[in-house]
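Chemist: My structure is stored as target.txt, with compact mmCIF, C-alpha atoms and all ligand atoms.
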```
# COMPACT_ATOMS: atom_id res chain seq x y z
CA MET A 1 42.76 -12.43 -0.21
CA LYS A 2 39.36 -10.88 -0.34
CA TYR A 3 39.53 -7.55 -2.15
CA GLU A 4 42.20 -5.95 -4.29
CA CYS A 5 42.51 -2.75 -6.28
CA GLU A 6 45.36 -0.52 -7.39
CA ASN A 7 46.19 1.03 -4.00
CA PHE A 8 45.22 -1.51 -1.42
CA ILE A 9 44.46 -5.12 -0.69
CA VAL A 10 42.28 -6.62 2.04
CA TYR A 11 42.87 -10.08 3.47
CA SER A 12 40.25 -11.92 5.44
CA GLY A 13 42.17 -12.97 8.53
CA ARG A 14 41.41 -14.98 11.62
CA PHE A 15 37.90 -14.36 13.00
CA GLU A 16 37.12 -12.89 9.55
CA VAL A 17 39.05 -9.79 10.58
CA ASN A 18 39.85 -7.47 7.66
CA THR A 19 43.58 -6.81 7.35
CA THR A 20 44.16 -3.89 4.97
CA ILE A 21 47.50 -3.33 3.23
CA PHE A 22 48.27 -0.10 1.36
CA LYS A 23 50.79 -1.45 -1.10
CA LYS A 24 52.65 1.68 -2.20
CA LEU A 25 52.59 3.29 1.25
CA GLY A 26 53.83 0.16 3.04
CA ILE A 27 51.10 0.41 5.67
CA VAL A 28 49.09 -2.42 7.17
CA ILE A 29 46.05 -1.86 9.37
CA ASP A 30 44.99 -4.54 11.90
CA PRO A 31 47.26 -7.42 10.83
CA ASN A 32 45.85 -10.84 11.72
CA VAL A 33 46.02 -13.08 8.67
CA GLY A 34 47.98 -15.79 10.50
CA LYS A 35 50.80 -15.86 7.93
CA ASN A 36 53.37 -13.36 6.73
CA VAL A 37 51.77 -11.50 3.81
CA TYR A 38 53.51 -8.26 4.82
CA GLU A 39 56.46 -8.14 2.45
CA ASN A 40 56.85 -4.37 1.91
CA VAL A 41 55.19 -3.17 5.09
CA ASN A 42 57.06 -0.63 7.19
CA GLN A 43 54.22 0.74 9.31
CA VAL A 44 51.61 -1.17 11.34
CA LEU A 45 48.49 0.74 12.41
CA ILE A 46 46.24 -0.78 15.05
CA THR A 47 42.64 0.39 15.54
CA HIS A 48 42.22 -0.89 19.10
CA GLY A 49 43.59 -3.20 21.75
CA HIS A 50 41.72 -6.43 20.99
CA ALA A 51 44.13 -9.19 20.03
CA ASP A 52 42.07 -10.25 17.00
CA HIS A 53 43.15 -6.92 15.43
CA PHE A 54 46.91 -7.17 15.98
CA GLY A 55 47.64 -10.90 16.18
CA ASP A 56 50.39 -10.72 13.51
CA ALA A 57 52.01 -7.45 14.66
CA PHE A 58 54.77 -9.30 16.54
CA MET A 59 55.97 -10.75 13.20
CA LEU A 60 56.71 -7.21 12.03
CA LYS A 61 58.30 -5.68 15.10
CA ASN A 62 61.84 -5.62 13.70
CA LYS A 63 61.05 -4.38 10.19
CA ALA A 64 58.13 -2.00 10.76
CA LYS A 65 57.08 0.67 13.24
CA ILE A 66 54.08 -0.29 15.37
CA LEU A 67 51.52 2.47 15.98
CA ALA A 68 48.45 2.32 18.23
CA PRO A 69 46.15 4.84 19.92
CA ARG A 70 47.62 6.09 23.20
CA SER A 71 44.89 4.73 25.48
CA GLU A 72 44.89 1.32 23.73
CA LEU A 73 48.62 0.83 24.29
CA PRO A 74 48.44 -1.24 27.51
CA PHE A 75 46.14 -3.78 25.82
CA VAL A 76 48.30 -4.03 22.69
CA GLU A 77 51.47 -4.52 24.72
CA ASN A 78 49.85 -6.82 27.26
CA PRO A 79 46.54 -8.37 26.05
CA GLU A 80 46.03 -10.05 29.41
CA ILE A 81 44.92 -6.69 30.84
CA ASN A 82 41.74 -7.07 28.77
CA TRP A 83 40.86 -10.30 30.50
CA ARG A 84 41.28 -8.64 33.85
CA GLY A 85 38.97 -5.82 32.82
CA MET A 86 36.33 -8.43 32.01
CA TYR A 87 36.45 -9.80 35.53
CA SER A 88 36.67 -6.67 37.70
CA TRP A 89 40.48 -6.66 37.29
CA ALA A 90 40.80 -10.01 39.05
CA LYS A 91 42.76 -12.68 37.21
CA LEU A 92 40.47 -14.61 34.89
CA PRO A 93 41.38 -18.23 34.06
CA GLU A 94 42.60 -18.37 30.43
CA LYS A 95 40.17 -21.14 29.50
CA VAL A 96 37.17 -18.82 29.95
CA VAL A 97 38.67 -15.90 27.99
CA THR A 98 37.11 -15.14 24.60
CA PRO A 99 39.51 -16.16 21.79
CA TYR A 100 39.12 -12.63 20.40
CA PHE A 101 41.22 -11.36 23.35
CA LEU A 102 43.86 -14.08 23.26
CA GLY A 103 47.05 -13.19 21.44
CA ARG A 104 50.64 -12.15 21.62
CA GLY A 105 51.34 -8.59 22.72
CA VAL A 106 53.71 -6.32 20.83
CA LYS A 107 55.65 -3.23 21.89
CA VAL A 108 54.19 -0.01 20.48
CA ASP A 109 56.74 2.39 18.92
CA TYR A 110 54.55 5.45 18.44
CA PHE A 111 51.07 6.71 19.26
CA SER A 112 48.83 7.03 16.23
CA ASP A 113 46.55 9.70 17.78
CA GLU A 114 48.13 12.77 16.24
CA MET A 115 48.39 11.42 12.70
CA GLU A 116 46.30 13.25 10.10
CA ILE A 117 44.77 9.96 8.98
CA SER A 118 43.50 9.13 12.51
CA ILE A 119 39.79 9.51 13.23
CA LYS A 120 38.81 8.99 16.86
CA MET A 121 35.86 6.60 17.07
CA PRO A 122 35.45 5.59 20.73
CA GLY A 123 32.63 3.31 21.92
CA HIS A 124 33.72 -0.23 21.03
CA THR A 125 36.70 0.51 23.27
CA PRO A 126 37.52 3.87 24.91
CA GLY A 127 40.38 4.73 22.53
CA HIS A 128 39.22 3.05 19.33
CA THR A 129 40.64 4.87 16.30
CA ALA A 130 39.79 4.53 12.61
CA TYR A 131 42.14 5.43 9.75
CA LEU A 132 41.20 7.30 6.58
CA ILE A 133 43.80 6.88 3.84
CA ASP A 134 43.21 7.86 0.18
CA SER A 135 39.41 7.81 0.67
CA ILE A 136 39.62 4.27 2.11
CA PHE A 137 38.01 4.36 5.53
CA VAL A 138 39.22 1.50 7.76
CA VAL A 139 36.95 1.63 10.78
CA GLY A 140 37.86 -1.51 12.76
CA ASP A 141 35.11 -2.47 15.19
CA ALA A 142 33.69 1.08 15.45
CA ILE A 143 31.02 -0.09 13.01
CA HIS A 144 29.76 -3.67 13.07
CA SER A 145 28.74 -5.77 10.11
CA PRO A 146 24.96 -6.29 9.74
CA LYS A 147 25.81 -10.01 9.38
CA CYS A 148 27.29 -9.98 12.89
CA TRP A 149 24.32 -8.07 14.32
CA GLU A 150 21.97 -10.62 12.77
CA LYS A 151 24.02 -13.57 13.99
CA PHE A 152 24.56 -12.44 17.61
CA GLY A 153 21.86 -9.83 18.44
CA ILE A 154 24.19 -8.04 20.87
CA LEU A 155 27.76 -7.16 19.93
CA TYR A 156 30.72 -6.02 21.98
CA TYR A 157 31.15 -2.37 22.94
CA VAL A 158 31.73 -0.60 26.23
CA ASP A 159 29.91 2.69 25.58
CA PRO A 160 26.92 2.57 23.22
CA ARG A 161 26.34 6.33 23.33
CA LEU A 162 29.94 7.11 22.33
CA MET A 163 29.68 4.46 19.63
CA ALA A 164 26.56 6.15 18.21
CA GLU A 165 28.18 9.60 18.39
CA SER A 166 31.30 8.27 16.65
CA ILE A 167 29.25 6.82 13.79
CA ASN A 168 27.19 10.00 13.42
CA ALA A 169 30.35 12.09 13.22
CA VAL A 170 31.91 10.23 10.27
CA LYS A 171 28.96 9.87 7.90
CA ASP A 172 29.85 13.03 6.00
CA LEU A 173 33.62 12.54 5.83
CA ASP A 174 35.18 12.15 2.41
CA TRP A 175 35.46 8.38 1.89
CA ASP A 176 34.62 6.07 -1.00
CA VAL A 177 35.33 2.64 0.48
CA LEU A 178 34.38 1.46 3.96
CA VAL A 179 36.39 -1.43 5.43
CA LEU A 180 34.70 -2.85 8.53
CA GLY A 181 36.69 -4.69 11.20
CA HIS A 182 35.09 -8.00 10.30
CA CYS A 183 33.40 -9.32 7.17
CA ASP A 184 32.27 -6.45 4.93
CA ILE A 185 34.15 -4.17 2.54
CA ILE A 186 31.74 -1.68 0.99
CA ASP A 187 32.83 0.24 -2.11
CA ASN A 188 29.60 2.15 -2.49
CA LYS A 189 29.13 5.20 -0.26
CA LYS A 190 25.34 4.92 -0.24
CA GLU A 191 25.60 1.34 0.98
CA GLY A 192 28.21 2.38 3.56
CA ILE A 193 25.92 5.08 4.98
CA LYS A 194 23.13 2.49 5.11
CA ILE A 195 25.33 0.23 7.27
CA MET A 196 26.16 3.15 9.57
CA LYS A 197 22.45 3.92 10.00
CA TYR A 198 21.74 0.22 10.58
CA ASN A 199 24.28 0.24 13.44
CA LEU A 200 22.56 3.25 14.99
CA LYS A 201 19.21 1.48 14.67
CA MET A 202 20.56 -1.66 16.35
CA LEU A 203 22.17 0.32 19.20
CA GLU A 204 18.79 1.92 19.87
CA LYS A 205 16.96 -1.42 19.55
CA VAL A 206 19.13 -3.11 22.21
CA ASP A 207 18.92 0.00 24.39
CA ARG A 208 15.13 0.04 24.24
CA GLU A 209 14.89 -3.73 24.84
CA ILE A 210 16.93 -3.39 28.04
CA TYR A 211 14.77 -0.47 29.20
CA GLU A 212 11.53 -2.37 28.45
CA PHE A 213 12.77 -5.48 30.28
CA VAL A 214 13.38 -3.42 33.43
CA LYS A 215 10.09 -1.54 33.01
CA GLU A 216 8.05 -4.75 32.94
CA ARG A 217 9.34 -5.54 36.44
CA GLU A 218 9.16 -3.43 39.54
CA GLU A 219 12.85 -3.97 40.20
CA VAL A 220 15.33 -6.36 38.67
CA ALA A 221 18.80 -7.65 39.54
CA GLU A 222 21.61 -6.97 37.07
CA CYS A 223 22.32 -10.73 36.80
CA GLU A 224 18.68 -11.35 35.77
CA ILE A 225 19.13 -8.86 32.94
CA PHE A 226 22.26 -10.72 31.78
CA SER A 227 20.38 -14.02 32.02
CA HIS A 228 17.37 -12.74 30.05
CA PHE A 229 19.49 -11.50 27.13
CA ALA A 230 21.79 -14.55 27.18
CA LYS A 231 18.73 -16.75 26.76
CA LYS A 232 17.08 -14.46 24.24
CA TYR A 233 20.15 -14.32 21.97
CA ASN A 234 21.35 -17.84 22.69
CA PHE A 235 24.71 -17.01 24.34
CA LYS A 236 25.99 -20.17 26.01
CA GLY A 237 29.02 -20.78 28.22
CA ILE A 238 31.12 -18.49 30.39
CA ARG A 239 33.22 -17.07 27.51
CA ALA A 240 30.20 -15.87 25.54
CA ASN A 241 28.41 -14.54 28.61
CA LEU A 242 31.42 -12.54 29.79
CA VAL A 243 31.46 -10.83 26.38
CA ILE A 244 27.86 -9.59 26.52
CA MET A 245 28.23 -8.10 30.01
CA PRO A 246 30.13 -4.95 28.89
CA PRO A 247 27.59 -3.88 26.24
CA ILE A 248 24.62 -4.56 28.55
CA ARG A 249 26.33 -2.67 31.35
CA GLY A 250 27.13 0.12 28.88
CA HIS A 251 23.43 0.49 28.08
CA LEU A 252 22.36 0.24 31.74
CA SER A 253 24.84 2.86 32.79
CA ASP A 254 23.85 5.22 29.98
CA LEU A 255 20.11 4.68 30.68
CA CYS A 256 20.85 5.78 34.27
CA GLU A 257 22.76 8.84 33.04
CA ARG A 258 19.81 9.74 30.80
CA GLY A 259 17.56 9.55 33.88
CA ALA A 260 15.47 6.67 32.45
CA LEU A 261 16.64 4.02 34.96
CA ASP A 262 17.77 4.08 38.54
CA MET A 263 20.57 1.86 39.87
CA PHE A 264 20.52 0.76 43.50
CA GLU A 265 21.78 -1.94 45.85
CA LYS A 266 19.68 -4.50 47.73
CA ASP A 267 21.12 -7.29 49.89
CA GLY A 268 24.48 -6.87 48.17
CA ILE A 269 22.96 -7.17 44.68
CA ILE A 270 23.10 -4.45 42.00
CA MET A 271 19.50 -3.70 41.02
CA PHE A 272 17.68 -1.49 38.48
CA ARG A 273 14.22 0.07 38.32
CA VAL A 274 12.51 2.50 35.99
CA LYS A 275 12.80 6.14 36.94
CA SER A 276 11.30 7.93 33.95
CA HIS A 277 10.07 7.40 30.37
CA TYR A 278 12.48 6.18 27.67
CA LYS A 279 14.78 8.76 26.13
CA SER A 280 16.56 7.71 22.96
CA ILE A 281 20.28 6.98 23.03
CA LEU A 282 20.59 8.78 19.69
CA ASN A 283 19.58 12.26 20.93
ZN ZN B 1 37.28 -5.36 18.94
```
What would you get if you wrote out this structure as structure tokens?
Ligand SMILES: [Zn+2]
Modeler:
Amino acid sequence: MKYECENFIVYSGRFEVNTTIFKKLGIVIDPNVGKNVYENVNQVLITHGHADHFGDAFMLKNKAKILAPRSELPFVENPEINWRGMYSWAKLPEKVVTPYFLGRGVKVDYFSDEMEISIKMPGHTPGHTAYLIDSIFVVGDAIHSPKCWEKFGILYYVDPRLMAESINAVKDLDWDVLVLGHCDIIDNKKEGIKIMKYNLKMLEKVDREIYEFVKEREEVAECEIFSHFAKKYNFKGIRANLVIMPPIRGHLSDLCERGALDMFEKDGIIMFRVKSHYKSILN
């Protein structure tokens, strides 16, 4: 156990995932403690379809209702789909799959989208949803811990612009405690806002770094961009490198949409070149 007060308790689960249990309501969000701590739980809420956020849900399938966002359902029911997405929908050998995506699927009983407590926060995944219950804001991976940013330099998300918009939209909501997907629980709103702003700053930092790397060269292959950032942030091995491809591609794609970069093909290779000056991802 990591944090407890009258209404709720947070366990630090596998991969330091925060599993939040609302004791009186019988609700658990993102169960992945690795043992059955879910005695009075009758409702399981899942923020998104990464197996590190629902690893224990199968333990509860006969005694609790399982709820997940509509567009995350295929990944919750069949986590293997995530691996395929990482490799252009071709089958990826299990040994090179990130352990964060390995887990047992569970059948979803209801969609959580229409619940009053649901707050859409896409960006980390397309259907990522946070839950706001009794001023406790459980945001899953929609907001990353500064510790993780400092440790890895680039973190997983598929759409950095949507991620920034999602964070901007929730700053003024009525919450007192912020429970991040991994590591931090912040019971001070000022500190919580600071972490949100830090995430925005880091999204822009990575975005600008990618733009500058392309700008310094006349034209550059996508795989050279992956290689540069893998070396810069010390990502080693296939598993780690597959995980940084989606965020880098997310930035590249959005830089093209903003008109800052141009994407083209040369000899069968996806290439990028600068088209215009840098425009911030936060505008
Ligand atoms: Zn995730």
Chemist: Out of A:Ala64, A:Ile270, A:Ile27, A:Ile81, which residue has the shortest atom-to-atom distance to His50 (chain A) when counting all atoms listed in the file?
Modeler: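 Smallest distance to His50 (chain A) is found for A:Ile81.
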Chemist: Go ahead and find all residues with at least one atom no further than 9 Å from (43.9, 8.2, 0.8) in the file's coordinates, using all atoms listed in the file; report them as a ChimeraX atom specification.
Modeler: /A:7,117,132-137,175
Chemist: Find the residues around Asp52 (chain A) up to 9 Å (all atoms listed in the file counted), leave out those fewer than 4 positions away in its own chain, and share them as an MDAnalysis selection string.
Modeler: chainID A and resid 13:15 17 30:32 99:103
Chemist: Have a look at CA of Gly105 (chain A) and CA of Phe58 (chain A) and let me know their distance in Å, one decimal.
Modeler: 7.1 Å
Chemist: Ligand ZN 1 (chain B): which residues are within 8 Å, counting all atoms listed in the file? Reply as a list in words.
Modeler: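 Counting all atoms listed in the file, the residues within 8 Å of ligand ZN 1 (chain B) come out as His48, Gly49, His50, Ala51, Asp52, His53, Tyr100, His124, Thr125, Gly140, Asp141, Tyr156, Tyr157 and Gly181 of chain A.
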Chemist: Put those residues in a file: C-alpha atoms, as a compact mmCIF listing (two decimals), in the frame of the given file.
Modeler:
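Everything below was put into part.txt:
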```
# COMPACT_ATOMS: atom_id res chain seq x y z
CA HIS A 48 42.22 -0.89 19.10
CA GLY A 49 43.59 -3.20 21.75
CA HIS A 50 41.72 -6.43 20.99
CA ALA A 51 44.13 -9.19 20.03
CA ASP A 52 42.07 -10.25 17.00
CA HIS A 53 43.15 -6.92 15.43
CA TYR A 100 39.12 -12.63 20.40
CA HIS A 124 33.72 -0.23 21.03
CA THR A 125 36.70 0.51 23.27
CA GLY A 140 37.86 -1.51 12.76
CA ASP A 141 35.11 -2.47 15.19
CA TYR A 156 30.72 -6.02 21.98
CA TYR A 157 31.15 -2.37 22.94
CA GLY A 181 36.69 -4.69 11.20
```
Chemist: Taking all atoms listed in the file into account, name the residue in A:Val108, A:Ile9, A:Ala260, A:Ala240 that is nearest to Lys65 (chain A).
Modeler: A:Val108
Chemist: Restricting the calculation to only C-alpha atoms: of A:Ser227, A:Asn199, A:Asn241, A:Ser12, which residue gets closest to Ser145 (chain A)?
Modeler: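 Checking each of A:Ser227, A:Asn199, A:Asn241, A:Ser12 against Ser145 (chain A), counting only C-alpha atoms, the winner is A:Asn199.
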Chemist: Put the listed atoms of region 240-250 of chain A in a box along x, y and z with 8 Å added on every side and give me the centre and edge lengths in Å to one decimal, as lines of an AutoDock Vina configuration file.
Modeler:
```
center_x = 28.0
center_y = -7.9
center_z = 28.4
size_x = 22.8
size_y = 32.0
size_z = 21.8
```
Chemist: Kindly give the distance, in Å, that separates CA of Ile248 (chain A) and CA of Glu209 (chain A), rounded to a single decimal.
Modeler: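 We find that CA of Ile248 (chain A) and CA of Glu209 (chain A) lie 10.4 Å from each other.
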Chemist: What separation in Å, quoted to one decimal, exists between CA of Arg258 (chain A) and CA of Lys151 (chain A)?
Modeler: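 Here the two named atoms are 29.0 Å from each other.
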Chemist: Pick out the residues sitting within 12 Å of Phe111 (chain A), and hand them over as a PDB file with C-alpha atoms, in the frame of the given file; count all atoms listed in the file, and ignore anything fewer than 3 positions along from it in its own chain.
Modeler:
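The result, stored in result-v1.pdb:
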```
ATOM      1  CA  VAL A  44      51.610  -1.170  11.340  1.00  0.00           C
ATOM      2  CA  LEU A  45      48.490   0.740  12.410  1.00  0.00           C
ATOM      3  CA  ILE A  46      46.240  -0.780  15.050  1.00  0.00           C
ATOM      4  CA  THR A  47      42.640   0.390  15.540  1.00  0.00           C
ATOM      5  CA  HIS A  48      42.220  -0.890  19.100  1.00  0.00           C
ATOM      6  CA  LYS A  65      57.080   0.670  13.240  1.00  0.00           C
ATOM      7  CA  ILE A  66      54.080  -0.290  15.370  1.00  0.00           C
ATOM      8  CA  LEU A  67      51.520   2.470  15.980  1.00  0.00           C
ATOM      9  CA  ALA A  68      48.450   2.320  18.230  1.00  0.00           C
ATOM     10  CA  PRO A  69      46.150   4.840  19.920  1.00  0.00           C
ATOM     11  CA  ARG A  70      47.620   6.090  23.200  1.00  0.00           C
ATOM     12  CA  SER A  71      44.890   4.730  25.480  1.00  0.00           C
ATOM     13  CA  GLU A  72      44.890   1.320  23.730  1.00  0.00           C
ATOM     14  CA  LEU A  73      48.620   0.830  24.290  1.00  0.00           C
ATOM     15  CA  PRO A  74      48.440  -1.240  27.510  1.00  0.00           C
ATOM     16  CA  VAL A  76      48.300  -4.030  22.690  1.00  0.00           C
ATOM     17  CA  LYS A 107      55.650  -3.230  21.890  1.00  0.00           C
ATOM     18  CA  VAL A 108      54.190  -0.010  20.480  1.00  0.00           C
ATOM     19  CA  GLU A 114      48.130  12.770  16.240  1.00  0.00           C
ATOM     20  CA  MET A 115      48.390  11.420  12.700  1.00  0.00           C
ATOM     21  CA  SER A 118      43.500   9.130  12.510  1.00  0.00           C
ATOM     22  CA  GLY A 127      40.380   4.730  22.530  1.00  0.00           C
ATOM     23  CA  THR A 129      40.640   4.870  16.300  1.00  0.00           C
TER      24      THR A 129
END
```
Chemist: As a PyMOL selection string, please: the residues near Ala90 (chain A) (cut-off 12 Å, all atoms listed in the file, same-chain neighbours under 6 positions excluded).
Modeler: chain A and resi 80-84
Chemist: Identify which of the residues A:Tyr38, A:Tyr233, A:Tyr87, A:Phe226 lies closest to Leu252 (chain A), counting all atoms listed in the file when measuring atom-to-atom distances.
Modeler: A:Phe226
Chemist: Write out as an NGL selection string each polymer residue whose atoms come within 7 Å of Leu261 (chain A), counting only C-alpha atoms; drop sequence neighbours fewer than 6 positions from it.
Modeler: :A and (255 or 272-276)
Chemist: For Lys194 (chain A), which residue out of A:Phe213, A:Glu222, A:Ile143, A:Leu25 is the nearest one, using all atoms listed in the file?
Modeler: A:Ile143
Chemist: Around the point (32.5, -2.9, 8.0), in the coordinates given by the file, pick out the residues reaching within 7 Å, counting all atoms listed in the file, and return them as a list in words.
Modeler: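 Counting all atoms listed in the file, I find these residues within 7 Å of (32.5, -2.9, 8.0): Val139, Ile143, His144, Ser145, Leu178, Val179, Leu180, Gly181, His182, Cys183, Asp184 and Ile185 of chain A.
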